[in-house]
Amino acid sequence: AQQLNAFYGHINNAVSQILGTNEDISKLETDAVYNKIIANIKYVLPKHMNTNNVIDAAIEYIEKNIASDISLESTASHCFLSPTYFSMCFKNKTGKTFSSYLSELRLNKAKSLLSQTDVPINIVSELCGFNSASYFHRFFKRSTGMTPLNYKNRKGIHNEEQV
């Protein structure tokens, strides 16, 4: 974070110097400077950052926002990386694609909520980031071999066995 703040400080100083001159700067020159700055931020800077830290921050972002409509693109943007580069770094760090990681995380959260709480199934689907209860039902059944209701009811049997 300290290095990024220094980087942004240099950019702000450079922009201030440009704006502080009395020279007439054409729109074409201004656009060229902006494009170079954007290229450095999007492509050069991330390659010099520790990608493990970036992916750790992405995982934290995903976990905090799991109920939201998270996508590869939105998460990559949050990390200031291109989606392609982010996807490659994410798979290298986690061993999973972004979508399989997100699906697994959502499924595990749903299982936990169903087995440990009395939250209604439609609310569980919302808390886990599924767009609709019917899609959640199909996804859950395809992934576990049982419906969310059957999984939830199974909890009582396991709890009695543990007593």
# chains A, B, ... in the order shown; residues from 1 in each chain; ligands from 1

call {"tool": "residues_around", "arguments": {"residues": "Phe136 (chain A)", "least_positions_apart": "5", "cutoff": "8 Å", "atoms": "only C-alpha atoms", "output": "NGL selection string"}}
result
:A and (125 or 130-131)

call {"tool": "write_last_selection", "arguments": {"atoms": "all heavy atoms", "output": "CSV table (one decimal), in the first residue's frame"}}
result
chain,number,residue,atom,x,y,z
A,125,SER,N,-30.3,-18.8,-0.4
A,125,SER,CA,-29.9,-18.6,-1.8
A,125,SER,C,-29.4,-17.1,-2.0
A,125,SER,O,-28.4,-16.9,-2.7
A,125,SER,CB,-31.0,-19.0,-2.8
A,125,SER,OG,-32.0,-18.0,-2.8
A,130,PHE,N,-26.9,-16.3,-5.1
A,130,PHE,CA,-27.6,-16.8,-6.3
A,130,PHE,C,-28.7,-15.9,-6.7
A,130,PHE,O,-29.4,-15.3,-5.9
A,130,PHE,CB,-28.2,-18.2,-5.9
A,130,PHE,CG,-27.1,-19.2,-5.7
A,130,PHE,CD1,-26.6,-19.5,-4.4
A,130,PHE,CD2,-26.6,-20.0,-6.8
A,130,PHE,CE1,-25.6,-20.4,-4.2
A,130,PHE,CE2,-25.6,-20.9,-6.6
A,130,PHE,CZ,-25.1,-21.1,-5.3
A,131,ASN,N,-28.9,-15.7,-8.0
A,131,ASN,CA,-29.8,-14.8,-8.5
A,131,ASN,C,-31.3,-15.2,-8.3
A,131,ASN,O,-32.1,-14.3,-8.3
A,131,ASN,CB,-29.6,-14.6,-10.0
A,131,ASN,CG,-28.3,-13.8,-10.3
A,131,ASN,OD1,-27.8,-13.1,-9.4
A,131,ASN,ND2,-27.7,-14.1,-11.4

call {"tool": "closest_residue", "arguments": {"among": "A:Pro148, A:Ser132, A:Ala14, A:Asn92", "to": "Leu113 (chain A)", "atoms": "only C-alpha atoms"}}
result
A:Pro148

call {"tool": "closest_residue", "arguments": {"among": "A:Arg106, A:Arg142, A:Asn12, A:Lys96", "to": "Ser68 (chain A)", "atoms": "only C-alpha atoms"}}
result
A:Arg106

call {"tool": "closest_residue", "arguments": {"among": "A:Met146, A:Leu81, A:Ile70, A:Ile38", "to": "Gly129 (chain A)", "atoms": "only C-alpha atoms"}}
result
A:Ile70

call {"tool": "residues_around", "arguments": {"residues": "Ile59 (chain A)", "least_positions_apart": "4", "cutoff": "12 Å", "atoms": "only C-alpha atoms", "output": "PyMOL selection string"}}
result
chain A and resi 52-55+63-66+70+72+75-76+78-79+86+90-91+93-94+98+101-102+105

call {"tool": "write_last_selection", "arguments": {"atoms": "N, CA, C and O atoms", "output": "JSON list (two decimals), in the first residue's frame"}}
result
[["chain", "number", "residue", "atom", "x", "y", "z"],
["A", 52, "ASN", "N", 0.64, -12.67, -5.19],
["A", 52, "ASN", "CA", 0.03, -13.42, -4.09],
["A", 52, "ASN", "C", -0.79, -12.50, -3.20],
["A", 52, "ASN", "O", -1.88, -12.85, -2.77],
["A", 53, "ASN", "N", -0.24, -11.31, -2.90],
["A", 53, "ASN", "CA", -0.99, -10.35, -2.08],
["A", 53, "ASN", "C", -2.24, -9.87, -2.79],
["A", 53, "ASN", "O", -3.27, -9.66, -2.16],
["A", 54, "VAL", "N", -2.14, -9.66, -4.09],
["A", 54, "VAL", "CA", -3.29, -9.20, -4.87],
["A", 54, "VAL", "C", -4.39, -10.26, -4.86],
["A", 54, "VAL", "O", -5.56, -9.95, -4.66],
["A", 55, "ILE", "N", -4.02, -11.51, -5.04],
["A", 55, "ILE", "CA", -5.01, -12.59, -5.06],
["A", 55, "ILE", "C", -5.58, -12.80, -3.66],
["A", 55, "ILE", "O", -6.79, -13.04, -3.51],
["A", 63, "GLU", "N", -15.08, -13.08, -0.52],
["A", 63, "GLU", "CA", -15.74, -13.58, 0.69],
["A", 63, "GLU", "C", -16.64, -12.52, 1.32],
["A", 63, "GLU", "O", -17.73, -12.84, 1.80],
["A", 64, "LYS", "N", -16.20, -11.27, 1.32],
["A", 64, "LYS", "CA", -17.00, -10.19, 1.91],
["A", 64, "LYS", "C", -18.22, -9.85, 1.06],
["A", 64, "LYS", "O", -19.21, -9.34, 1.57],
["A", 65, "ASN", "N", -18.14, -10.10, -0.24],
["A", 65, "ASN", "CA", -19.20, -9.70, -1.17],
["A", 65, "ASN", "C", -19.90, -10.87, -1.82],
["A", 65, "ASN", "O", -20.49, -10.73, -2.89],
["A", 66, "ILE", "N", -19.85, -12.03, -1.18],
["A", 66, "ILE", "CA", -20.39, -13.25, -1.79],
["A", 66, "ILE", "C", -21.88, -13.14, -2.13],
["A", 66, "ILE", "O", -22.33, -13.74, -3.08],
["A", 70, "ILE", "N", -21.01, -11.00, -8.05],
["A", 70, "ILE", "CA", -19.57, -10.90, -8.29],
["A", 70, "ILE", "C", -19.25, -11.58, -9.62],
["A", 70, "ILE", "O", -19.80, -12.62, -9.95],
["A", 72, "LEU", "N", -15.78, -12.26, -12.56],
["A", 72, "LEU", "CA", -14.35, -12.21, -12.79],
["A", 72, "LEU", "C", -13.94, -10.77, -13.12],
["A", 72, "LEU", "O", -12.96, -10.25, -12.58],
["A", 75, "THR", "N", -14.11, -8.39, -10.06],
["A", 75, "THR", "CA", -13.06, -8.68, -9.10],
["A", 75, "THR", "C", -11.70, -8.25, -9.65],
["A", 75, "THR", "O", -10.89, -7.67, -8.92],
["A", 76, "ALA", "N", -11.46, -8.51, -10.93],
["A", 76, "ALA", "CA", -10.21, -8.07, -11.55],
["A", 76, "ALA", "C", -10.11, -6.55, -11.51],
["A", 76, "ALA", "O", -9.05, -5.99, -11.18],
["A", 78, "HIS", "N", -11.49, -4.59, -9.33],
["A", 78, "HIS", "CA", -11.24, -4.23, -7.94],
["A", 78, "HIS", "C", -9.74, -4.32, -7.62],
["A", 78, "HIS", "O", -9.23, -3.55, -6.80],
["A", 79, "CYS", "N", -9.06, -5.25, -8.27],
["A", 79, "CYS", "CA", -7.63, -5.46, -8.04],
["A", 79, "CYS", "C", -6.75, -4.66, -9.02],
["A", 79, "CYS", "O", -5.53, -4.80, -9.00],
["A", 86, "PHE", "N", -5.62, -11.32, -14.35],
["A", 86, "PHE", "CA", -6.16, -11.71, -13.05],
["A", 86, "PHE", "C", -6.53, -13.20, -13.04],
["A", 86, "PHE", "O", -6.21, -13.92, -12.09],
["A", 90, "PHE", "N", -4.98, -15.85, -10.54],
["A", 90, "PHE", "CA", -5.90, -16.49, -9.61],
["A", 90, "PHE", "C", -5.75, -18.01, -9.69],
["A", 90, "PHE", "O", -5.66, -18.68, -8.67],
["A", 91, "LYS", "N", -5.70, -18.54, -10.90],
["A", 91, "LYS", "CA", -5.56, -19.99, -11.07],
["A", 91, "LYS", "C", -4.20, -20.47, -10.56],
["A", 91, "LYS", "O", -4.12, -21.53, -9.93],
["A", 93, "LYS", "N", -2.48, -19.19, -8.13],
["A", 93, "LYS", "CA", -2.46, -19.12, -6.66],
["A", 93, "LYS", "C", -3.38, -20.16, -6.02],
["A", 93, "LYS", "O", -3.00, -20.82, -5.06],
["A", 94, "THR", "N", -4.60, -20.32, -6.56],
["A", 94, "THR", "CA", -5.60, -21.18, -5.92],
["A", 94, "THR", "C", -5.67, -22.58, -6.51],
["A", 94, "THR", "O", -6.21, -23.48, -5.87],
["A", 98, "PHE", "N", -11.59, -19.02, -11.51],
["A", 98, "PHE", "CA", -12.37, -18.09, -10.70],
["A", 98, "PHE", "C", -13.79, -18.61, -10.51],
["A", 98, "PHE", "O", -14.30, -18.63, -9.40],
["A", 101, "TYR", "N", -13.96, -21.64, -8.18],
["A", 101, "TYR", "CA", -13.70, -21.20, -6.81],
["A", 101, "TYR", "C", -14.94, -20.54, -6.22],
["A", 101, "TYR", "O", -15.35, -20.84, -5.11],
["A", 102, "LEU", "N", -15.54, -19.63, -6.99],
["A", 102, "LEU", "CA", -16.72, -18.91, -6.52],
["A", 102, "LEU", "C", -17.89, -19.88, -6.30],
["A", 102, "LEU", "O", -18.57, -19.80, -5.28],
["A", 105, "LEU", "N", -17.20, -21.89, -3.14],
["A", 105, "LEU", "CA", -17.37, -21.04, -1.96],
["A", 105, "LEU", "C", -18.85, -20.83, -1.65],
["A", 105, "LEU", "O", -19.28, -20.94, -0.50]]

call {"tool": "select_by_dssp", "arguments": {"residues": "region 23-132 of chain A", "states": "helix (DSSP H, G or I)", "output": "count of residues only"}}
result
81

call {"tool": "decode", "arguments": {"residues": "region 130-146 of chain A", "atoms": "C-alpha atoms", "output": "short mmCIF file (atom, residue, chain, number, x, y, z; two decimals), in the first residue's frame"}}
result
data_model
loop_
_atom_site.label_atom_id
_atom_site.label_comp_id
_atom_site.auth_asym_id
_atom_site.auth_seq_id
_atom_site.Cartn_x
_atom_site.Cartn_y
_atom_site.Cartn_z
CA PHE A 130 -27.60 -16.85 -6.26
CA ASN A 131 -29.83 -14.78 -8.55
CA SER A 132 -32.89 -16.93 -8.01
CA ALA A 133 -34.07 -19.62 -5.62
CA SER A 134 -34.88 -21.94 -8.53
CA TYR A 135 -31.35 -21.67 -9.92
CA PHE A 136 -29.96 -22.24 -6.41
CA HIS A 137 -32.14 -25.37 -6.10
CA ARG A 138 -30.88 -26.79 -9.44
CA PHE A 139 -27.25 -25.89 -8.69
CA PHE A 140 -27.39 -27.37 -5.19
CA LYS A 141 -29.02 -30.61 -6.35
CA ARG A 142 -26.56 -31.00 -9.23
CA SER A 143 -23.61 -30.38 -6.87
CA THR A 144 -24.69 -32.48 -3.87
CA GLY A 145 -27.19 -34.97 -5.26
CA MET A 146 -29.92 -33.70 -2.93
#
